[in-house]
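J.: What follows is coords18.csv; its format and atoms are CSV, C-alpha atoms and all ligand atoms.
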```
chain,number,residue,atom,x,y,z
A,1,MET,CA,29.3,-12.8,3.4
A,2,SER,CA,31.3,-9.7,4.2
A,3,LYS,CA,29.7,-6.6,5.6
A,4,ASP,CA,29.9,-4.6,2.4
A,5,ASP,CA,28.6,-7.4,0.2
A,6,ILE,CA,25.2,-6.2,-0.8
A,7,ILE,CA,25.2,-7.8,-4.3
A,8,LEU,CA,22.2,-9.9,-4.9
A,9,PRO,CA,22.9,-13.6,-5.3
A,10,LYS,CA,22.2,-14.2,-8.9
A,11,ASP,CA,21.1,-17.8,-9.2
A,12,PHE,CA,17.5,-17.5,-7.9
A,13,PRO,CA,14.7,-18.9,-9.9
A,14,GLU,CA,13.0,-16.4,-12.2
A,15,LEU,CA,10.0,-14.5,-10.8
A,16,LYS,CA,6.8,-15.7,-12.3
A,17,ASN,CA,4.2,-13.4,-10.6
A,18,ASP,CA,5.4,-9.8,-10.4
A,19,THR,CA,1.9,-8.2,-9.8
A,20,PHE,CA,2.9,-7.1,-6.3
A,21,LEU,CA,6.2,-5.4,-7.4
A,22,ARG,CA,4.4,-3.7,-10.3
A,23,ALA,CA,1.6,-2.4,-8.0
A,24,ALA,CA,4.2,-1.2,-5.5
A,25,ARG,CA,5.7,0.9,-8.3
A,26,GLY,CA,2.4,2.5,-9.1
A,27,GLU,CA,1.4,0.3,-12.0
A,28,GLU,CA,-2.0,-1.4,-12.7
A,29,PRO,CA,-1.3,-5.2,-13.1
A,30,GLU,CA,-4.0,-7.5,-14.6
A,31,HIS,CA,-5.3,-8.1,-11.1
A,32,VAL,CA,-4.8,-6.4,-7.7
A,33,PRO,CA,-2.1,-8.3,-5.8
A,34,VAL,CA,-3.0,-9.5,-2.3
A,35,TRP,CA,-1.2,-10.8,0.7
A,36,CYS,CA,-2.0,-10.8,4.5
A,37,MET,CA,0.1,-9.6,7.4
A,38,ARG,CA,0.7,-12.6,9.6
A,39,GLN,CA,-0.1,-15.0,6.8
A,40,ALA,CA,2.2,-17.4,8.4
A,41,GLY,CA,0.5,-17.9,11.7
A,42,ARG,CA,-1.4,-19.8,14.2
A,43,TYR,CA,-4.7,-19.8,12.2
A,44,LEU,CA,-3.1,-22.5,10.0
A,45,PRO,CA,-3.1,-26.1,11.6
A,46,GLU,CA,0.1,-26.9,9.7
A,47,PHE,CA,1.8,-23.8,11.3
A,48,ARG,CA,0.7,-25.0,14.8
A,49,GLU,CA,2.1,-28.4,14.0
A,50,VAL,CA,5.6,-27.1,13.1
A,51,ARG,CA,5.6,-24.7,16.0
A,52,ALA,CA,4.3,-27.2,18.6
A,53,GLY,CA,6.6,-27.7,21.6
A,54,LYS,CA,9.3,-25.4,20.2
A,55,ASP,CA,10.5,-22.1,21.5
A,56,PHE,CA,9.4,-19.2,19.3
A,57,PHE,CA,12.8,-17.6,19.0
A,58,ASP,CA,14.5,-21.0,18.4
A,59,THR,CA,12.1,-21.4,15.5
A,60,CYS,CA,13.1,-17.9,14.3
A,61,ARG,CA,16.8,-19.0,14.4
A,62,SER,CA,16.2,-22.0,12.3
A,63,PRO,CA,16.4,-21.1,8.6
A,64,GLU,CA,14.7,-24.3,7.6
A,65,ALA,CA,11.8,-23.8,9.9
A,66,CYS,CA,11.4,-20.1,8.8
A,67,CYS,CA,11.5,-21.2,5.2
A,68,GLU,CA,8.8,-23.9,5.8
A,69,LEU,CA,6.5,-21.5,7.7
A,70,THR,CA,6.9,-18.8,5.0
A,71,LEU,CA,5.9,-21.3,2.3
A,72,GLN,CA,2.9,-22.9,4.1
A,73,PRO,CA,0.3,-20.2,3.3
A,74,LEU,CA,1.4,-20.2,-0.4
A,75,ARG,CA,0.5,-23.9,-0.6
A,76,ARG,CA,-3.0,-23.0,0.4
A,77,PHE,CA,-3.8,-19.6,-1.1
A,78,PRO,CA,-2.8,-17.9,-4.3
A,79,PHE,CA,-1.2,-15.0,-2.5
A,80,ASP,CA,0.8,-12.6,-4.7
A,81,ALA,CA,3.6,-12.0,-2.1
A,82,SER,CA,5.2,-13.8,0.8
A,83,ILE,CA,6.8,-12.4,3.9
A,84,ILE,CA,9.7,-14.1,5.6
A,85,PHE,CA,8.7,-15.7,8.9
A,86,SER,CA,10.7,-14.0,11.7
A,87,ASP,CA,9.9,-11.3,14.3
A,88,ILE,CA,10.6,-7.6,14.9
A,89,LEU,CA,12.1,-8.4,18.3
A,90,VAL,CA,15.2,-10.1,16.9
A,91,ILE,CA,16.8,-6.6,16.8
A,92,PRO,CA,16.6,-5.9,20.5
A,93,GLN,CA,18.1,-9.4,21.0
A,94,ALA,CA,20.9,-8.5,18.6
A,95,MET,CA,21.5,-5.4,20.7
A,96,GLY,CA,22.0,-7.5,23.8
A,97,LEU,CA,18.6,-7.7,25.5
A,98,ASP,CA,17.1,-11.1,26.4
A,99,VAL,CA,13.5,-11.5,25.0
A,100,GLN,CA,11.3,-14.6,25.5
A,101,MET,CA,8.0,-15.4,23.8
A,102,LEU,CA,5.8,-16.7,26.7
A,103,PRO,CA,2.8,-18.7,25.6
A,104,GLY,CA,-0.4,-16.7,26.6
A,105,LYS,CA,1.6,-13.7,27.5
A,106,GLY,CA,3.5,-12.7,24.4
A,107,PRO,CA,6.9,-11.1,24.1
A,108,THR,CA,8.6,-10.6,27.5
A,109,PHE,CA,12.0,-8.9,28.1
A,110,THR,CA,13.9,-10.3,31.1
A,111,ASP,CA,15.5,-6.9,32.0
A,112,PRO,CA,13.9,-4.0,30.1
A,113,LEU,CA,15.5,-0.6,29.9
A,114,LYS,CA,14.5,1.5,32.9
A,115,ASP,CA,16.6,4.6,32.9
A,116,PRO,CA,18.9,6.4,30.3
A,117,GLU,CA,21.9,4.8,32.1
A,118,ASP,CA,20.6,1.4,30.9
A,119,LEU,CA,21.6,2.4,27.3
A,120,GLN,CA,25.1,1.4,28.3
A,121,ARG,CA,23.9,-2.2,28.4
A,122,LEU,CA,23.2,-2.2,24.7
A,123,GLN,CA,25.8,-3.4,22.2
A,124,PRO,CA,27.3,-0.3,20.6
A,125,ASN,CA,28.3,-1.6,17.1
A,126,VAL,CA,26.1,-4.5,16.3
A,127,ASP,CA,27.4,-6.7,13.5
A,128,VAL,CA,24.1,-7.7,11.9
A,129,HIS,CA,25.8,-10.5,9.8
A,130,LYS,CA,27.0,-12.1,13.0
A,131,GLU,CA,23.9,-11.5,15.2
A,132,LEU,CA,21.2,-11.8,12.6
A,133,GLY,CA,22.8,-13.9,9.9
A,134,TYR,CA,20.2,-16.6,10.6
A,135,VAL,CA,17.5,-14.3,9.2
A,136,PHE,CA,19.6,-13.7,6.0
A,137,LYS,CA,20.1,-17.5,5.6
A,138,ALA,CA,16.3,-18.0,6.0
A,139,ILE,CA,15.7,-15.4,3.3
A,140,THR,CA,18.2,-16.9,0.8
A,141,LEU,CA,16.9,-20.4,1.4
A,142,THR,CA,13.3,-19.3,0.9
A,143,ARG,CA,14.2,-17.4,-2.3
A,144,HIS,CA,15.4,-20.8,-3.7
A,145,LYS,CA,12.6,-22.9,-2.3
A,146,ILE,CA,9.8,-20.5,-3.4
A,147,GLU,CA,10.8,-21.2,-7.0
A,148,GLY,CA,10.0,-17.7,-8.2
A,149,LYS,CA,6.3,-18.2,-7.5
A,150,VAL,CA,5.9,-14.7,-5.8
A,151,PRO,CA,8.3,-12.1,-4.4
A,152,LEU,CA,9.6,-12.4,-0.9
A,153,ILE,CA,9.2,-9.4,1.5
A,154,GLY,CA,11.8,-8.8,4.2
A,155,PHE,CA,10.8,-6.6,7.2
A,156,THR,CA,11.9,-4.8,10.4
A,157,GLY,CA,10.3,-3.1,13.3
A,158,ALA,CA,10.6,0.7,13.2
A,159,PRO,CA,12.7,2.5,15.9
A,160,TRP,CA,9.9,3.8,18.0
A,161,THR,CA,8.0,0.5,18.1
A,162,LEU,CA,11.2,-1.3,19.1
A,163,MET,CA,12.1,1.3,21.7
A,164,SER,CA,8.7,1.0,23.3
A,165,TYR,CA,9.1,-2.8,23.6
A,166,MET,CA,12.6,-2.4,25.0
A,167,ILE,CA,11.3,-0.1,27.8
A,168,GLU,CA,7.9,-1.6,28.4
A,169,GLY,CA,9.4,-5.1,28.4
A,170,GLY,CA,6.4,-6.5,26.6
A,171,GLY,CA,2.9,-5.5,25.4
A,172,SER,CA,1.2,-2.5,27.0
A,173,SER,CA,-2.0,-0.6,26.6
A,174,THR,CA,-0.7,2.8,27.6
A,175,HIS,CA,3.0,2.5,26.7
A,176,SER,CA,3.4,5.0,29.6
A,177,LYS,CA,6.9,3.8,30.5
A,178,ALA,CA,8.2,4.3,27.0
A,179,LYS,CA,6.3,7.6,26.6
A,180,ARG,CA,7.7,8.8,29.9
A,181,TRP,CA,11.1,8.7,28.3
A,182,LEU,CA,10.0,10.8,25.4
A,183,TYR,CA,8.7,13.6,27.7
A,184,ARG,CA,11.3,13.2,30.5
A,185,HIS,CA,14.4,12.1,28.7
A,186,PRO,CA,14.1,13.4,25.1
A,187,GLU,CA,17.9,13.3,24.4
A,188,PRO,CA,18.5,9.7,25.5
A,189,SER,CA,15.3,8.8,23.6
A,190,HIS,CA,16.8,10.2,20.4
A,191,LEU,CA,20.0,8.5,21.2
A,192,LEU,CA,18.3,5.1,21.5
A,193,LEU,CA,16.2,5.8,18.3
A,194,ARG,CA,19.4,6.6,16.4
A,195,MET,CA,21.1,3.5,17.7
A,196,LEU,CA,18.1,1.4,16.5
A,197,THR,CA,18.0,3.2,13.1
A,198,ASP,CA,21.7,2.4,12.5
A,199,VAL,CA,21.1,-1.3,13.2
A,200,ILE,CA,17.8,-1.4,11.1
A,201,VAL,CA,19.6,0.1,8.1
A,202,GLU,CA,22.3,-2.5,8.1
A,203,TYR,CA,19.7,-5.2,8.8
A,204,LEU,CA,17.5,-4.2,5.8
A,205,LEU,CA,20.5,-4.0,3.5
A,206,GLY,CA,21.6,-7.5,4.7
A,207,GLN,CA,18.1,-8.8,3.9
A,208,VAL,CA,18.2,-7.4,0.3
A,209,ALA,CA,21.7,-8.9,-0.1
A,210,ALA,CA,20.2,-12.2,1.0
A,211,GLY,CA,17.4,-12.0,-1.5
A,212,ALA,CA,14.5,-9.9,-0.1
A,213,GLN,CA,12.6,-8.3,-3.1
A,214,ALA,CA,10.7,-5.7,-1.0
A,215,LEU,CA,11.0,-4.4,2.5
A,216,GLN,CA,8.2,-3.5,5.0
A,217,VAL,CA,8.9,-1.3,8.1
A,218,PHE,CA,6.4,-1.9,10.9
A,219,GLU,CA,5.7,1.1,13.1
A,220,SER,CA,3.0,-0.8,15.0
A,221,HIS,CA,2.9,1.5,17.9
A,222,ALA,CA,2.5,4.8,16.0
A,223,GLY,CA,-1.1,5.2,17.2
A,224,ILE,CA,0.0,5.7,20.8
A,225,LEU,CA,1.9,8.8,19.8
A,226,GLY,CA,0.1,12.1,18.9
A,227,PRO,CA,0.9,14.1,15.7
A,228,VAL,CA,3.5,16.2,17.5
A,229,GLU,CA,5.4,13.3,19.1
A,230,PHE,CA,5.1,11.3,15.9
A,231,LYS,CA,6.8,14.1,14.0
A,232,GLU,CA,9.6,14.2,16.5
A,233,PHE,CA,10.2,10.6,17.5
A,234,SER,CA,9.0,8.4,14.7
A,235,LEU,CA,8.8,10.2,11.3
A,236,PRO,CA,12.5,11.4,11.1
A,237,TYR,CA,13.7,7.9,11.7
A,238,LEU,CA,11.3,6.3,9.2
A,239,ARG,CA,12.5,8.8,6.6
A,240,ASP,CA,16.2,8.3,7.5
A,241,ILE,CA,15.8,4.5,7.1
A,242,ALA,CA,14.3,4.7,3.7
A,243,ARG,CA,16.8,7.3,2.5
A,244,ARG,CA,19.8,5.5,3.7
A,245,VAL,CA,18.7,2.1,2.5
A,246,LYS,CA,17.9,3.5,-0.9
A,247,ASP,CA,21.1,5.5,-1.2
A,248,ARG,CA,23.2,2.4,-0.3
A,249,LEU,CA,21.3,0.2,-2.7
A,250,LYS,CA,21.6,2.8,-5.5
A,251,GLU,CA,25.4,2.8,-5.2
A,252,LYS,CA,25.2,-0.9,-6.2
A,253,GLY,CA,22.7,-0.3,-9.0
A,254,GLN,CA,19.9,-1.9,-6.9
A,255,ASP,CA,16.4,-0.8,-5.9
A,256,VAL,CA,13.7,-2.5,-4.0
A,257,PRO,CA,10.2,-1.1,-3.1
A,258,MET,CA,9.8,-0.1,0.5
A,259,ILE,CA,6.5,-0.2,2.5
A,260,VAL,CA,5.9,1.8,5.6
A,261,PHE,CA,3.1,0.6,7.9
A,262,ALA,CA,2.5,3.0,10.7
A,263,LYS,CA,-0.5,1.6,12.4
A,264,ASP,CA,-3.1,4.2,13.5
A,265,ALA,CA,-1.1,7.1,12.2
A,266,HIS,CA,-3.9,8.5,10.1
A,267,TYR,CA,-3.0,11.9,11.4
A,268,ALA,CA,0.3,11.6,9.5
A,269,LEU,CA,-0.8,10.3,6.2
A,270,GLU,CA,0.4,13.3,4.2
A,271,GLU,CA,3.9,13.1,5.9
A,272,LEU,CA,4.1,9.4,5.4
A,273,SER,CA,3.4,9.8,1.6
A,274,GLU,CA,6.4,12.0,1.4
A,275,SER,CA,8.8,9.9,3.4
A,276,HIS,CA,10.6,8.1,0.6
A,277,TYR,CA,8.6,4.9,0.7
A,278,GLU,CA,6.9,3.6,-2.5
A,279,VAL,CA,4.0,2.2,-0.5
A,280,VAL,CA,2.1,3.3,2.5
A,281,GLY,CA,0.3,0.6,4.4
A,282,LEU,CA,-3.0,1.5,6.1
A,283,ASP,CA,-5.0,0.2,9.0
A,284,TRP,CA,-8.8,-0.1,8.7
A,285,THR,CA,-9.6,3.2,10.4
A,286,ILE,CA,-8.9,5.1,7.2
A,287,ASP,CA,-11.4,5.4,4.4
A,288,PRO,CA,-9.8,4.3,1.1
A,289,ARG,CA,-11.0,7.3,-0.9
A,290,ALA,CA,-9.8,9.8,1.8
A,291,ALA,CA,-6.5,8.0,1.8
A,292,ARG,CA,-6.1,8.4,-2.0
A,293,GLU,CA,-7.0,12.1,-1.8
A,294,ARG,CA,-4.6,12.8,1.1
A,295,THR,CA,-1.7,11.0,-0.5
A,296,GLY,CA,-2.4,12.6,-3.9
A,297,GLY,CA,-1.0,9.8,-6.1
A,298,LYS,CA,2.5,10.1,-4.6
A,299,VAL,CA,2.6,6.6,-3.3
A,300,SER,CA,1.0,3.2,-3.8
A,301,LEU,CA,-1.4,2.1,-1.0
A,302,GLN,CA,-1.6,-1.2,0.8
A,303,GLY,CA,-4.4,-2.5,3.1
A,304,ASN,CA,-6.8,-2.2,4.7
A,305,MET,CA,-9.7,-4.5,5.4
A,306,ASP,CA,-10.6,-4.9,9.1
A,307,PRO,CA,-9.1,-8.3,10.0
A,308,CYS,CA,-12.4,-9.0,11.9
A,309,ALA,CA,-14.3,-8.8,8.6
A,310,LEU,CA,-12.9,-12.3,8.1
A,311,TYR,CA,-15.4,-13.4,10.7
A,312,ALA,CA,-18.2,-12.5,8.3
A,313,PRO,CA,-19.8,-15.0,5.9
A,314,LYS,CA,-18.0,-15.4,2.6
A,315,GLU,CA,-20.6,-13.4,0.5
A,316,ARG,CA,-20.2,-10.5,2.9
A,317,ILE,CA,-16.4,-10.7,2.6
A,318,SER,CA,-16.8,-10.5,-1.1
A,319,GLU,CA,-19.0,-7.3,-0.8
A,320,ILE,CA,-16.6,-5.7,1.6
A,321,VAL,CA,-13.7,-6.4,-0.7
A,322,LYS,CA,-15.6,-5.0,-3.7
A,323,LYS,CA,-16.2,-1.7,-1.9
A,324,MET,CA,-12.6,-1.5,-0.8
A,325,LEU,CA,-11.4,-2.0,-4.4
A,326,GLU,CA,-13.8,0.7,-5.6
A,327,GLY,CA,-12.4,3.0,-3.0
A,328,PHE,CA,-8.7,2.4,-3.7
A,329,GLY,CA,-9.0,1.8,-7.4
A,330,THR,CA,-6.9,-0.9,-9.1
A,331,ARG,CA,-3.7,1.2,-9.9
A,332,GLY,CA,-0.9,1.4,-7.4
A,333,TYR,CA,-2.9,-0.8,-4.9
A,334,ILE,CA,-2.0,-3.9,-2.9
A,335,ALA,CA,-4.8,-5.5,-1.1
A,336,ASN,CA,-4.2,-6.6,2.5
A,337,LEU,CA,-5.8,-6.5,5.9
A,338,GLY,CA,-5.5,-3.5,8.1
A,339,HIS,CA,-3.4,-5.6,10.6
A,340,GLY,CA,-2.4,-9.2,11.0
A,341,LEU,CA,-4.6,-12.3,11.0
A,342,TYR,CA,-5.7,-13.6,14.4
A,343,PRO,CA,-5.2,-17.2,15.5
A,344,ASP,CA,-9.0,-18.0,15.5
A,345,MET,CA,-9.6,-17.0,11.9
A,346,ASP,CA,-10.9,-19.6,9.5
A,347,PRO,CA,-8.5,-20.4,6.6
A,348,GLU,CA,-11.5,-20.8,4.4
A,349,ASN,CA,-12.4,-17.1,4.9
A,350,VAL,CA,-8.9,-16.1,4.1
A,351,ALA,CA,-9.3,-18.0,0.8
A,352,ALA,CA,-12.5,-16.2,0.2
A,353,PHE,CA,-10.8,-12.8,0.8
A,354,VAL,CA,-8.0,-13.6,-1.7
A,355,GLU,CA,-10.4,-15.0,-4.3
A,356,ALA,CA,-12.6,-11.9,-4.0
A,357,VAL,CA,-9.7,-9.5,-4.5
A,358,HIS,CA,-8.6,-11.4,-7.6
A,359,ARG,CA,-12.2,-11.7,-9.0
A,360,HIS,CA,-13.4,-8.2,-8.5
A,361,SER,CA,-10.2,-6.6,-9.6
A,362,LYS,CA,-9.9,-8.6,-12.8
A,363,SER,CA,-13.4,-7.5,-13.8
A,364,ALA,CA,-12.6,-3.9,-12.8
A,365,THR,CA,-9.3,-3.8,-14.9
A,366,LYS,CA,-11.1,-5.4,-17.9
A,367,GLN,CA,-13.8,-2.7,-17.8
A,368,ALA,CA,-11.4,0.2,-17.6
B,1,LIG,O1,3.5,-13.9,8.4
B,1,LIG,C1,4.0,-12.9,8.7
B,1,LIG,O2,3.4,-11.7,8.8
B,1,LIG,C2,5.5,-12.9,9.0
B,1,LIG,C3,5.9,-13.1,10.3
B,1,LIG,C4,5.8,-12.0,11.4
B,1,LIG,C5,5.7,-12.4,12.7
B,1,LIG,N1,5.8,-11.3,13.5
B,1,LIG,C6,5.6,-13.8,13.2
B,1,LIG,C7,5.0,-14.0,14.5
B,1,LIG,C8,5.9,-10.6,11.4
B,1,LIG,C9,5.9,-9.7,10.2
B,1,LIG,C10,5.9,-10.2,12.7
B,1,LIG,C11,6.1,-8.8,13.1
B,1,LIG,C12,5.8,-8.4,14.5
B,1,LIG,N2,6.1,-9.0,15.7
B,1,LIG,C13,5.2,-7.2,14.8
B,1,LIG,C14,4.7,-6.1,13.8
B,1,LIG,C15,3.4,-6.4,13.2
B,1,LIG,C16,2.3,-6.2,14.2
B,1,LIG,O3,1.6,-7.2,14.5
B,1,LIG,O4,2.0,-5.0,14.5
B,1,LIG,C17,5.1,-7.1,16.2
B,1,LIG,C18,4.4,-6.0,17.0
B,1,LIG,C19,5.7,-8.3,16.7
B,1,LIG,C20,5.9,-8.7,18.2
B,1,LIG,C21,5.1,-9.9,18.4
B,1,LIG,N3,5.5,-11.2,18.0
B,1,LIG,C22,3.8,-10.1,19.1
B,1,LIG,C23,3.0,-8.9,19.7
B,1,LIG,C24,3.5,-11.4,19.0
B,1,LIG,C25,2.2,-12.1,19.5
B,1,LIG,C26,2.3,-12.7,20.8
B,1,LIG,C27,1.1,-13.6,21.1
B,1,LIG,O5,1.2,-14.5,21.9
B,1,LIG,O6,0.0,-13.3,20.5
B,1,LIG,C28,4.6,-12.1,18.4
B,1,LIG,C29,4.7,-13.6,18.1
B,1,LIG,C30,4.5,-13.9,16.7
B,1,LIG,N4,5.3,-13.4,15.7
B,1,LIG,C31,3.7,-15.0,16.2
B,1,LIG,C32,3.9,-15.0,14.8
B,1,LIG,C33,3.3,-15.9,13.8
B,1,LIG,C34,2.7,-15.8,17.0
B,1,LIG,C35,3.3,-16.7,18.0
B,1,LIG,C36,3.8,-18.1,17.6
B,1,LIG,O7,4.0,-18.4,16.5
B,1,LIG,O8,4.0,-18.9,18.5
```
Once you've parsed the file, please lay out its structure as structure tokens.

T.:
Amino acid sequence: MSKDDIILPKDFPELKNDTFLRAARGEEPEHVPVWCMRQAGRYLPEFREVRAGKDFFDTCRSPEACCELTLQPLRRFPFDASIIFSDILVIPQAMGLDVQMLPGKGPTFTDPLKDPEDLQRLQPNVDVHKELGYVFKAITLTRHKIEGKVPLIGFTGAPWTLMSYMIEGGGSSTHSKAKRWLYRHPEPSHLLLRMLTDVIVEYLLGQVAAGAQALQVFESHAGILGPVEFKEFSLPYLRDIARRVKDRLKEKGQDVPMIVFAKDAHYALEELSESHYEVVGLDWTIDPRAARERTGGKVSLQGNMDPCALYAPKERISEIVKKMLEGFGTRGYIANLGHGLYPDMDPENVAAFVEAVHRHSKSATKQA
């Protein structure tokens, strides 16, 4: 595939369930579509079996393994969308940094960025087709194997979240090393954020060319920024990504819905609803009705049940889902959790969540 080739492969099986895509575009399908962040994950025994004894990023580099892991949750639950199995940290890897996934410790960079001079260690012109072609292959393979059951979502980490990993070298509670850059080295910070944005734009376009039918941008570390820093170091890049991806797709007569999930960025909900994304993903700290009011019908909303509500008995899950649906309404709404599933969650309760979304929303749309 050449760099400029962003023409969708044409021979994919026809899409049978488009409820997710319609809700993303602000419509009211016959039931509210539902999927879960981290729906391919360690809470599934079959996932643990495929992953057993294998390196995490080796798994990410195997299109067959990614395809299988993406399809696993769809065999169990009637989810209305799937998300390609991969990771946000493949971008720092493509830019030349070594990242390992250490069991019990999580992502770990061998040699994180320390000072602005370290930016010279990064690859200047990343060829995403060369470095990340394995993700594109996984997407194309999955589009065929999924047989049009539900749409396939591609994703990326947002610039600030990736920057924070590249400087912290792994998980952190304060993100103080990365935030130190923002306050002490604002210009090099913007340079790094621009470099990341350029790679992300090409990466997302490559995913659409490979067959992704929607795109989600994860700004998982938005909450560690305050409103002022968010407006300077996150929002402009989120907007730039959406605008550039959409402009480039438009040139080819294409369009895919884009979702922005800026975790804990409730302070920026108004700005996010005007940042060129069709859908704003919400964590569980935002009240559904308040989110609707503050976004004023400009976008569809996705979320936002507290993942820990899945520890509740099934009847309680059903009540929580009913309230959530009443708050969001059934138009322009995609049900999800407010963050990813945890490894100790019971698949049966995930089934109860999906079933409750479908049942309650079907009766709500019939009444309307
Ligand atoms: O099902 C899906 O949602 C698709 C796959 C997916 C993974 N990671 C697979 C994965 C997606 C969308 C991600 C995104 C991702 N990765 C984010 C953004 C979303 C969020 O959680 O805020 C982040 C911050 C990462 C970085 C990352 N990767 C972390 C913090 C971890 C957990 C480490 C740990 O030990 O708990 C990972 C590993 C990871 N990525 C797992 C999965 C299923 C679990 C580890 C494994 O399979 O061995």

J.: If we count only C-alpha atoms, what is near Trp181 (chain A) at a cut-off of 12 Å, once residues fewer than 3 positions away on the same chain are taken out, given as number ranges by chain?

T.: A: 113-116, 160, 163-164, 166-168, 175-178, 184-193, 229, 233

J.: To one decimal place in Å, what is the distance between CA of Pro107 (chain A) and CA of Arg42 (chain A)?

T.: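 Separation of CA of Pro107 (chain A) and CA of Arg42 (chain A): 15.6 Å.
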
J.: Record the distance separating CA of Leu204 (chain A) and CA of Leu235 (chain A), expressed in Å with one decimal.

T.: 17.7 Å

J.: Please identify every polymer residue within 6 Å of ligand LIG 1 (chain B), using all atoms listed in the file, and present the set as a ChimeraX atom specification.

T.: /A:37-41,56,83-88,103-107,218,220,340

J.: Which residues come within 9 Å of His358 (chain A), counting all atoms listed in the file, excluding same-chain residues fewer than 5 positions away, as a ChimeraX atom specification?

T.: /A:31-34,353,363

J.: With a distance cut-off of 10 Å and all atoms listed in the file, select the neighbouring residues of region 45-54 of chain A, excluding the residue or stretch itself and same-chain residues fewer than 2 positions from it, and output the selection as a VMD selection string.

T.: chain A and resid 40 to 43 56 to 59 65 68 to 70 72 to 73 343 347

J.: Which residues, written as a PyMOL selection string, have at least one atom at most 12 Å from His144 (chain A), with all atoms listed in the file counted and residues fewer than 5 positions away on the same chain left out?

T.: chain A and resi 9-15+64+67-68+71+137-139+149-152+210-212

J.: Could you please determine the separation between CA of Val321 (chain A) and CA of His360 (chain A) in Å, to one decimal place?

T.: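 Result for CA of Val321 (chain A) versus CA of His360 (chain A): 8.0 Å, one decimal.
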
J.: Do you know which residues are at most 6 Å from region 281-296 of chain A counting all atoms listed in the file, after dropping those on the same chain fewer than 2 positions away, and could you put them as a count of residues only?

T.: 15

J.: For Tyr203 (chain A), which residue out of A:Tyr267, A:Lys252, A:Lys314, A:Ile91 is the nearest one, using all atoms listed in the file?

T.: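 Answer, going by the shortest atom-to-atom distance: A:Ile91.
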
J.: Calculated over all atoms listed in the file, which of the candidates A:Ala94, A:Val256, A:Cys66, A:Val357 has the smallest distance to Leu196 (chain A)?

T.: A:Ala94

J.: For Leu272 (chain A), which residue out of A:Ser234, A:Asn349, A:Gln120, A:Thr330 is the nearest one, using all atoms listed in the file?

T.: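 Ranked by minimum distance to Leu272 (chain A), first place goes to A:Ser234.
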
J.: Go through A:Pro227, A:Gly170, A:Gly206, A:Pro78 one by one, measure the shortest atom-to-atom distance of each to His129 (chain A) using only C-alpha atoms, and give the residue with the smallest value.

T.: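 Of all the options, A:Gly206 lies closest to His129 (chain A).
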
J.: Which residue is closest to Leu269 (chain A)? Choose from A:Leu141, A:Ala309, A:Val299, A:Gly253 and count all atoms listed in the file.

T.: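 Residue with the minimum atom-to-atom distance to Leu269 (chain A): A:Val299.
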
J.: Calculated over all atoms listed in the file, which of the candidates A:Ile153, A:Leu74, A:Met195, A:Ala268 has the smallest distance to Leu225 (chain A)?

T.: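 Under the stated criterion, the closest residue is A:Ala268.
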
J.: How would you write as a ChimeraX atom specification the residues that get within 6 Å of (2.7, 4.0, 13.2) in the file's frame, counting all atoms listed in the file?

T.: /A:219-223,262-265
